[in-house]
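Remarks on the structure that follows.
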Amino acid sequence: VTAAMAVGVVLAGLLLPAPAIAAGPTPSPSPSATSAVPAGTSVFTLSPVANGIVNPGDALSVSVSLQNGTDAELAPASVTLSLGRTPLADRDDLGDWLDGGSPELALEPIGTDSIAAVEPGGFQVRGITVAADDPALAGLAPGVYPLAASYPGTEGTVASTSVMIVPPTEATDVGIGVVVPITAGPLSEGLLTAEQLAELTAPDGDLTNQLDGVTGTAAILAVDPAVPASIRVLGTSAPESALEWLSRLEAIQNSRFALQFGDADVTAQLQAGLPRPLQPTSFSAYMSSSNFATPTPTPTTTPAPSDAPTTAPTSQPDSALPSTDELLVVGPATRQGVYWPADGTADEQIVSRLADIATDDGTAPVTLIPSSTTDAGSDGRTVSAHGRVDAGEVLVYDSDVSTALDDASQQEESWLRGAPLTTATAYLAFAAAETNGPLLVTVGRGDGRSRVELGAAISAAFSAPDVTPRTIATVAAGEAFDVELTGIESSPERAAAASALVADESELARFATILDQPSMLTGPERADILQLLGVAWIGDATWPTELADHRAATAGTLDSVALLPTSPSDLYGSSAALRFWVRNDLPYPVNLVLYTTRDNLRLDVQGETPIVATPQSNTRVEVPVQARVGRGDVTLTLQLRSPAFVAIGEPESVEINVYADWEAVGIAALAVVVGILLLFGIARTVLRMRRKRKGTHAATPGPAESEATTEAKDASEAEQMSSTTDGDER
């Protein structure tokens with residue numbers, strides 16, 4: 001309401017004769033109008049209407065506002081509007097005037113007004129109109145004229161400077177491209193959630209405001225591919241408002257180019273040692289096949305011969321998930337190979353390395369850089385859009401104009417927005433007169449801008465005197481002029497962060513070999529990294545915390561699969577199966593191999609044991625072992641590895657006390673010895689008996705010989721006995 005009242009005051013001033021003063025009400029304090037005022041200060045602003053453009057025969061209308069950020073009331077003041085009849089000479093003079101005014105410039109008062117007392121936290125807005133037939137405006141040649149408003153303060157004169165632009169009546173139009181980013185702001189997760197999309201694409205959401213602001217204009221869209229990818233991965237489950245937003249983006253015919261995923265800073269990536277900027281790898285982890293299933297069509301009856309089926313066969317529809325390239329499409333009329341590093345970070349080396357990256361359609365890569373980083377631009381001169389830095393092509397956007405448009409696009413109050421819009425128009429007036437080719441400007445990478453604020457900034461650029469819209473392809477197709485870059489300081493903090501993130505990703509990629517689909521881990525990790533390297537995080541105090549949280553989460557993932565601690569155990573008997581447990585905190589089954597090694601020969605152990613660990617649970621693993629002859633302690637070293645032989649987790653050691661079965665071994669050995677001895681004794685006895693039998697058969701006599709032998713034997717025995725008797729008697 002307050003803003004509408006202020007606009008009404010300004011418009012009413014257009015109807016009053018010069019130097020009439022449009023009386024306005026005393027507004028109540030408004031947070032939106034005073035939030036940007038530093039505490040303890042007041043801000044006085046001069047904002048010309050119609051972006052400061054005054055054609056011959058038109059009136060000059062301005063608004064003056066006083067915002068009170070102090071705790072004391074500001075006294076009423078009499079405001080004087082003054083105009084210089086000598087135009088500013090060039091951009092340097094314009095910059096000096098806007099930065100605080102040039103005392104040597106002669107100004108003439110053309111109107112006065114009174115501002116009532118302003119209470120603490122409040123503001124006052126007044127409108128002043130100078131009629132078209134006022135002598136102060138008569139006879140002014142085309143040019144940019146100094147304009148100022150002032151009032152006497154307690155510590156001296158308080159002034160606010162601006163300009164009035166009188167456009168030339170006859171001039172050749174200069175092509176201009178206005179780059180507008182379509183982004184979702186700083187994110188730490190790879191893709192937007194359904195809830196975030198519903199909020200951003202709501203009627204008053206940021207993405208809706210961005211699309212509303214560019215619709216109907218010739219703006220060049222710089223689209224973050226993470227936004228359409230976030231919608232497409234949800235398939236049929238995406239919010240209706242998000243699907244409608246995506247349809248609108250694809251339907252409008254604005255020329256466009258794709259930013260890096262998440263608007264990631266390409267400079268930080270290349271300074272971290274990467275050969276080229278990172279690209280998303282896979283979005284499989286974000287998609288569900290149920291959201292992409294097409295209903296099976298109902299079979300249709302077709303005329304057929306009597307011997308043919310009456311129902312025509314139908315083929316099963318393809319329900320495959322969309323590819324990565326399909327998810328990242330940003331719409332028609334897309335120019336490939338366009339890179340937009342963070343402002344002021346791309347030096348000659350960065351431009352050269354980006355120029356070496358080939359595009360699919362053979363288009364020469366170009367890098368967007370601000371004119372303030374060029375020698376000519378830093379000297380206050382105009383730089384045409386298409387340039388060449390050594391062998392690399394660049395598109396140079398005007399820093400002064402872009403900064404002013406960015407400021408205007410973030411001003412909620414119309415009576416404040418006119419000041420930066422006039423500044424942008426004034427710089428464009430000089431640029432159009434000085435350039436030797438098309439111009440390029442941007443509205444910055446700000447977020448949270450309404451459709452009115454953004455639309456006003458875009459409209460101001462295209463409505464500037466002597467300019468005509470151009471597409472990105474047209475601007476890049478013009479003649480390229482040699483451009484020299486000034487010394488650019490790198491950001492070691494962001495390069496170090498990019499290097500650390502890439503190192504973590506490399507470890508995660510090795511770890512992901514335990515999955516059937518490693519992309520379920522590596523895909524989200526790459527998307528998260530690109531979002532964390534987004535340009536929107538530059539200057540954000542919470543970025544280091546977000547970075548640390550992500551690295552901690554990555555370390556947690558790397559520790560999500562491991563062996564549970566094992567206590568010492570005893571082994572009785574000759575063989576058994578040792579039991580261990582594998583922890584898997586991932587939502588996916590994992591493929592592992594348990595490698596087991598021993599420190600001595602008392603135990604035989606199975607060296608490799610394949611495992612499929614179930615998701616989010618502990619899985620038991622049994623390792624067969626067998627005791628040898630011996631008794632004592634054996635240390636087993638356990639190490640999990642992926643099928644690609646990547647170590648998973650830290651190795652574990654377990655002590656096994658081996659108690660071999662000595663009694664069984666001794667009895668078995670004794671039984672063998674006894675058995676051998678028995679066999680040997682039996683064999684020897686048999687052999688002796690056989691020899692004895694053979695000797696008996698050989699010594700047996702005939703009948704006569706046997707009788708004689710018997711008599712001889714008896715005689716011999718008698719003789720022996722007689723001898724024995726004689727001996728005894730003696």
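The chains in the structure tokens are called A, B, ... from first to last as shown; in each chain the residues are counted from 1, and the ligands are counted from 1 in the order shown.
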
Worksheet item: Which parts of stretch 11-146 of chain A does DSSP call helix (DSSP H, G or I) when run on the backbone here, written out as JSON, numbers by chain?
Response: {"A": [11, 12, 13, 31, 32, 33, 34, 49, 50, 51, 52, 91, 92, 93, 94, 95, 96, 97, 98, 99, 100, 135, 136, 137]}

Worksheet item: Do you know which residues are at most 9 Å from A:Gln210 counting only C-alpha atoms, after dropping those on the same chain fewer than 3 positions away, and could you put them as an NGL selection string?
Response: :A and (180-183 or 205-207 or 213-215 or 449-451 or 454-455)

Go ahead and write the residues just picked, all heavy atoms, as an mmCIF file, in the first residue's frame.
data_model
loop_
_atom_site.group_PDB
_atom_site.id
_atom_site.type_symbol
_atom_site.label_atom_id
_atom_site.label_comp_id
_atom_site.auth_asym_id
_atom_site.auth_seq_id
_atom_site.Cartn_x
_atom_site.Cartn_y
_atom_site.Cartn_z
ATOM 1 N N VAL A 180 19.795 -12.960 -18.284
ATOM 2 C CA VAL A 180 19.013 -13.105 -17.048
ATOM 3 C C VAL A 180 19.164 -14.542 -16.559
ATOM 4 O O VAL A 180 18.799 -15.482 -17.259
ATOM 5 C CB VAL A 180 17.527 -12.786 -17.283
ATOM 6 C CG1 VAL A 180 16.741 -12.950 -15.985
ATOM 7 C CG2 VAL A 180 17.363 -11.389 -17.845
ATOM 8 N N PRO A 181 19.716 -14.764 -15.360
ATOM 9 C CA PRO A 181 19.849 -16.134 -14.848
ATOM 10 C C PRO A 181 18.522 -16.683 -14.362
ATOM 11 O O PRO A 181 17.715 -15.973 -13.764
ATOM 12 C CB PRO A 181 20.840 -15.989 -13.696
ATOM 13 C CG PRO A 181 20.678 -14.575 -13.239
ATOM 14 C CD PRO A 181 20.305 -13.767 -14.450
ATOM 15 N N ILE A 182 18.300 -17.972 -14.624
ATOM 16 C CA ILE A 182 17.150 -18.705 -14.096
ATOM 17 C C ILE A 182 17.716 -19.763 -13.158
ATOM 18 O O ILE A 182 18.145 -20.840 -13.584
ATOM 19 C CB ILE A 182 16.315 -19.352 -15.219
ATOM 20 C CG1 ILE A 182 15.910 -18.307 -16.256
ATOM 21 C CG2 ILE A 182 15.096 -20.046 -14.640
ATOM 22 C CD1 ILE A 182 14.989 -17.231 -15.737
ATOM 23 N N THR A 183 17.757 -19.440 -11.881
ATOM 24 C CA THR A 183 18.400 -20.311 -10.899
ATOM 25 C C THR A 183 17.533 -20.418 -9.650
ATOM 26 O O THR A 183 16.594 -19.652 -9.461
ATOM 27 C CB THR A 183 19.784 -19.775 -10.503
ATOM 28 O OG1 THR A 183 19.634 -18.482 -9.903
ATOM 29 C CG2 THR A 183 20.693 -19.648 -11.725
ATOM 30 N N GLY A 205 6.368 -17.742 -6.116
ATOM 31 C CA GLY A 205 7.681 -18.343 -5.912
ATOM 32 C C GLY A 205 8.757 -17.673 -6.737
ATOM 33 O O GLY A 205 8.486 -17.006 -7.751
ATOM 34 N N ASP A 206 10.001 -17.856 -6.336
ATOM 35 C CA ASP A 206 11.125 -17.217 -7.019
ATOM 36 C C ASP A 206 11.230 -17.650 -8.478
ATOM 37 O O ASP A 206 11.473 -16.814 -9.364
ATOM 38 C CB ASP A 206 12.433 -17.543 -6.289
ATOM 39 C CG ASP A 206 12.597 -16.729 -5.019
ATOM 40 O OD1 ASP A 206 11.763 -15.828 -4.785
ATOM 41 O OD2 ASP A 206 13.550 -16.983 -4.262
ATOM 42 N N LEU A 207 11.107 -18.951 -8.754
ATOM 43 C CA LEU A 207 11.207 -19.417 -10.139
ATOM 44 C C LEU A 207 10.061 -18.870 -10.982
ATOM 45 O O LEU A 207 10.257 -18.519 -12.158
ATOM 46 C CB LEU A 207 11.221 -20.944 -10.179
ATOM 47 C CG LEU A 207 12.495 -21.618 -9.676
ATOM 48 C CD1 LEU A 207 12.346 -23.132 -9.677
ATOM 49 C CD2 LEU A 207 13.696 -21.213 -10.535
ATOM 50 N N GLY A 213 9.172 -12.515 -15.213
ATOM 51 C CA GLY A 213 9.948 -11.325 -15.539
ATOM 52 C C GLY A 213 10.513 -11.333 -16.945
ATOM 53 O O GLY A 213 10.673 -10.273 -17.563
ATOM 54 N N VAL A 214 10.839 -12.522 -17.465
ATOM 55 C CA VAL A 214 11.451 -12.589 -18.802
ATOM 56 C C VAL A 214 10.421 -12.858 -19.894
ATOM 57 O O VAL A 214 10.713 -12.648 -21.075
ATOM 58 C CB VAL A 214 12.534 -13.682 -18.853
ATOM 59 C CG1 VAL A 214 13.626 -13.400 -17.831
ATOM 60 C CG2 VAL A 214 11.941 -15.070 -18.619
ATOM 61 N N THR A 215 9.244 -13.335 -19.529
ATOM 62 C CA THR A 215 8.228 -13.638 -20.533
ATOM 63 C C THR A 215 7.809 -12.354 -21.246
ATOM 64 O O THR A 215 7.497 -11.342 -20.615
ATOM 65 C CB THR A 215 6.996 -14.294 -19.883
ATOM 66 O OG1 THR A 215 7.397 -15.508 -19.249
ATOM 67 C CG2 THR A 215 5.938 -14.600 -20.924
ATOM 68 N N ARG A 449 14.019 -11.972 -6.212
ATOM 69 C CA ARG A 449 13.498 -10.789 -6.889
ATOM 70 C C ARG A 449 12.076 -11.044 -7.383
ATOM 71 O O ARG A 449 11.780 -12.121 -7.911
ATOM 72 C CB ARG A 449 14.395 -10.430 -8.078
ATOM 73 C CG ARG A 449 15.824 -10.155 -7.661
ATOM 74 C CD ARG A 449 16.716 -9.757 -8.801
ATOM 75 N NE ARG A 449 17.152 -10.876 -9.618
ATOM 76 C CZ ARG A 449 18.217 -10.845 -10.406
ATOM 77 N NH1 ARG A 449 18.957 -9.756 -10.479
ATOM 78 N NH2 ARG A 449 18.543 -11.894 -11.123
ATOM 79 N N SER A 450 11.228 -10.064 -7.238
ATOM 80 C CA SER A 450 9.869 -10.201 -7.719
ATOM 81 C C SER A 450 9.824 -9.984 -9.226
ATOM 82 O O SER A 450 10.767 -9.459 -9.825
ATOM 83 C CB SER A 450 8.944 -9.190 -7.025
ATOM 84 O OG SER A 450 9.173 -7.887 -7.526
ATOM 85 N N ARG A 451 8.712 -10.375 -9.841
ATOM 86 C CA ARG A 451 8.550 -10.208 -11.284
ATOM 87 C C ARG A 451 8.561 -8.737 -11.669
ATOM 88 O O ARG A 451 9.038 -8.379 -12.754
ATOM 89 C CB ARG A 451 7.261 -10.877 -11.730
ATOM 90 C CG ARG A 451 5.983 -10.216 -11.240
ATOM 91 C CD ARG A 451 4.807 -11.139 -11.279
ATOM 92 N NE ARG A 451 4.949 -12.184 -10.272
ATOM 93 C CZ ARG A 451 4.112 -13.192 -10.133
ATOM 94 N NH1 ARG A 451 3.077 -13.305 -10.935
ATOM 95 N NH2 ARG A 451 4.296 -14.103 -9.203
ATOM 96 N N LEU A 454 12.363 -7.493 -11.387
ATOM 97 C CA LEU A 454 13.159 -8.057 -12.470
ATOM 98 C C LEU A 454 12.696 -7.525 -13.826
ATOM 99 O O LEU A 454 13.517 -7.169 -14.687
ATOM 100 C CB LEU A 454 13.058 -9.587 -12.437
ATOM 101 C CG LEU A 454 13.892 -10.359 -13.456
ATOM 102 C CD1 LEU A 454 15.367 -10.035 -13.302
ATOM 103 C CD2 LEU A 454 13.660 -11.863 -13.310
ATOM 104 N N GLY A 455 11.389 -7.478 -14.026
ATOM 105 C CA GLY A 455 10.877 -6.966 -15.288
ATOM 106 C C GLY A 455 11.258 -5.523 -15.528
ATOM 107 O O GLY A 455 11.544 -5.115 -16.663
#

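Residues with any atom within 7 Å of A:Thr382, counting only C-alpha atoms and excluding same-chain neighbours fewer than 6 positions away, are Ala376, Ala431, Glu434 and Thr435 of chain A.
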
Worksheet item: Skipping near chain neighbours, those fewer than 4 positions away, what residues fall within 8 Å of A:Ile369 using only C-alpha atoms, listed as number ranges by chain?
Response: A: 340-341, 343-344, 346, 373, 394-397

Practice prompt. Extract, using only C-alpha atoms, all DNA, RNA and protein residues at most 8 Å from A:Leu60, discarding same-chain residues fewer than 3 positions from it, and format them as an MDAnalysis selection string.
Written response: chainID A and resid 48:49 52 54 129:132

Item to complete: List every residue of stretch 15-153 of chain A that DSSP, applied to the backbone, labels as strand (DSSP E), and write the result as a ChimeraX atom specification.
Response: /A:21-22,42-48,60-68,77-83,108-115,123-130,143-153

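Distances here use only C-alpha atoms; by that measure, the residue among A:Thr374, A:Thr474, A:Thr281, A:Thr554 closest to A:Ala333 is A:Thr474.
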
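Coordinates place atom CA of A:Pro277 at a distance of 24.9 Å from atom CA of A:Ser399.
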
Fill in: Within 9 Å of A:Asp406 using only C-alpha atoms, minus same-chain residues under 6 positions, as a PyMOL selection string
chain A and resi 420+442-446+454+457

Please report, as a tab-separated table, each residue of stretch 555-623 of chain A lying at most 7 Å from stretch 647-658 of chain A, together with the nearest pair of atoms and the separation in Å rounded to one decimal; use only C-alpha atoms, and order rows by chain and ascending residue number.
residue	atom	partner	partner_atom	distance
A:Asp559	CA	A:Gly649	CA	6.5
A:Val561	CA	A:Gly649	CA	6.8
A:Ala562	CA	A:Gly649	CA	5.1
A:Thr566	CA	A:Val654	CA	6.2
A:Ser567	CA	A:Val654	CA	6.5
A:Pro568	CA	A:Glu655	CA	4.7
A:Ser569	CA	A:Ile656	CA	5.1
A:Asp570	CA	A:Asn657	CA	4.5
A:Leu571	CA	A:Val658	CA	4.9
A:Tyr572	CA	A:Val658	CA	6.6

Considering only C-alpha atoms, return as a CSV table (one decimal) with all heavy atoms, in the first residue's frame whatever protein or nucleic-acid residues lie within 10 Å of A:Asp361, sequence-local ones (same chain, fewer than 2 positions apart) excluded.
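Written output follows (around.csv):
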chain,number,residue,atom,x,y,z
A,335,ARG,N,22.4,-22.2,-26.9
A,335,ARG,CA,23.7,-22.0,-27.5
A,335,ARG,C,24.7,-22.8,-26.6
A,335,ARG,O,24.8,-22.6,-25.4
A,335,ARG,CB,24.1,-20.5,-27.5
A,335,ARG,CG,25.1,-20.1,-28.6
A,335,ARG,CD,26.5,-20.4,-28.2
A,335,ARG,NE,27.4,-19.8,-29.2
A,335,ARG,CZ,28.7,-19.9,-29.1
A,335,ARG,NH1,29.3,-20.6,-28.2
A,335,ARG,NH2,29.5,-19.3,-30.0
A,336,GLN,N,25.4,-23.7,-27.2
A,336,GLN,CA,26.3,-24.6,-26.5
A,336,GLN,C,27.6,-23.9,-26.2
A,336,GLN,O,28.0,-22.9,-26.9
A,336,GLN,CB,26.6,-25.9,-27.2
A,336,GLN,CG,25.4,-26.8,-27.4
A,336,GLN,CD,25.7,-28.1,-28.0
A,336,GLN,OE1,26.9,-28.5,-28.0
A,336,GLN,NE2,24.7,-28.9,-28.4
A,337,GLY,N,28.4,-24.4,-25.2
A,337,GLY,CA,29.7,-23.9,-25.0
A,337,GLY,C,29.8,-22.5,-24.4
A,337,GLY,O,30.7,-21.8,-24.7
A,358,ALA,N,35.8,-28.9,-26.4
A,358,ALA,CA,35.0,-29.0,-27.6
A,358,ALA,C,33.5,-29.2,-27.3
A,358,ALA,O,33.1,-29.7,-26.3
A,358,ALA,CB,35.5,-30.2,-28.4
A,359,THR,N,32.7,-28.6,-28.1
A,359,THR,CA,31.2,-28.8,-28.0
A,359,THR,C,30.7,-29.8,-29.0
A,359,THR,O,31.4,-30.2,-29.9
A,359,THR,CB,30.5,-27.4,-28.3
A,359,THR,OG1,30.8,-27.0,-29.6
A,359,THR,CG2,31.0,-26.4,-27.3
A,363,THR,N,30.4,-25.7,-32.0
A,363,THR,CA,30.4,-24.2,-31.7
A,363,THR,C,31.6,-23.8,-30.9
A,363,THR,O,32.0,-24.6,-29.9
A,363,THR,CB,29.1,-23.9,-31.0
A,363,THR,OG1,28.0,-24.3,-31.8
A,363,THR,CG2,29.0,-22.4,-30.8
A,364,ALA,N,32.2,-22.7,-31.2
A,364,ALA,CA,33.4,-22.3,-30.4
A,364,ALA,C,32.9,-21.9,-29.0
A,364,ALA,O,32.0,-21.0,-28.9
A,364,ALA,CB,34.0,-21.1,-31.1

Worksheet item: Of the candidates A:Ala429, A:Val174, A:Leu234, A:Val389, which one gets nearest to A:Pro142 if we count only C-alpha atoms?
Response: A:Ala429

Discussion item. Quick check, in Å to one decimal: how far apart do atom CA of A:Phe261 and atom CA of A:Glu326 lie?
Written reply: 13.9 Å

Fill in: Nearest-residue call for A:Leu485, choices A:Ala72, A:Val227, A:Ile350, A:Leu105, using only C-alpha atoms
A:Ile350

Practice prompt. Would you mind telling me which residue in A:Pro225, A:Pro135, A:Pro239, A:Gly190 lies nearest to A:Gln260 when using only C-alpha atoms?
Written response: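 The answer is A:Pro225, which sits nearest to A:Gln260.
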
Discussion item. Calculated over only C-alpha atoms, which of the candidates A:Ala548, A:Ala264, A:Ile514, A:Ala293 has the smallest distance to A:Val535?
Written reply: A:Ala264
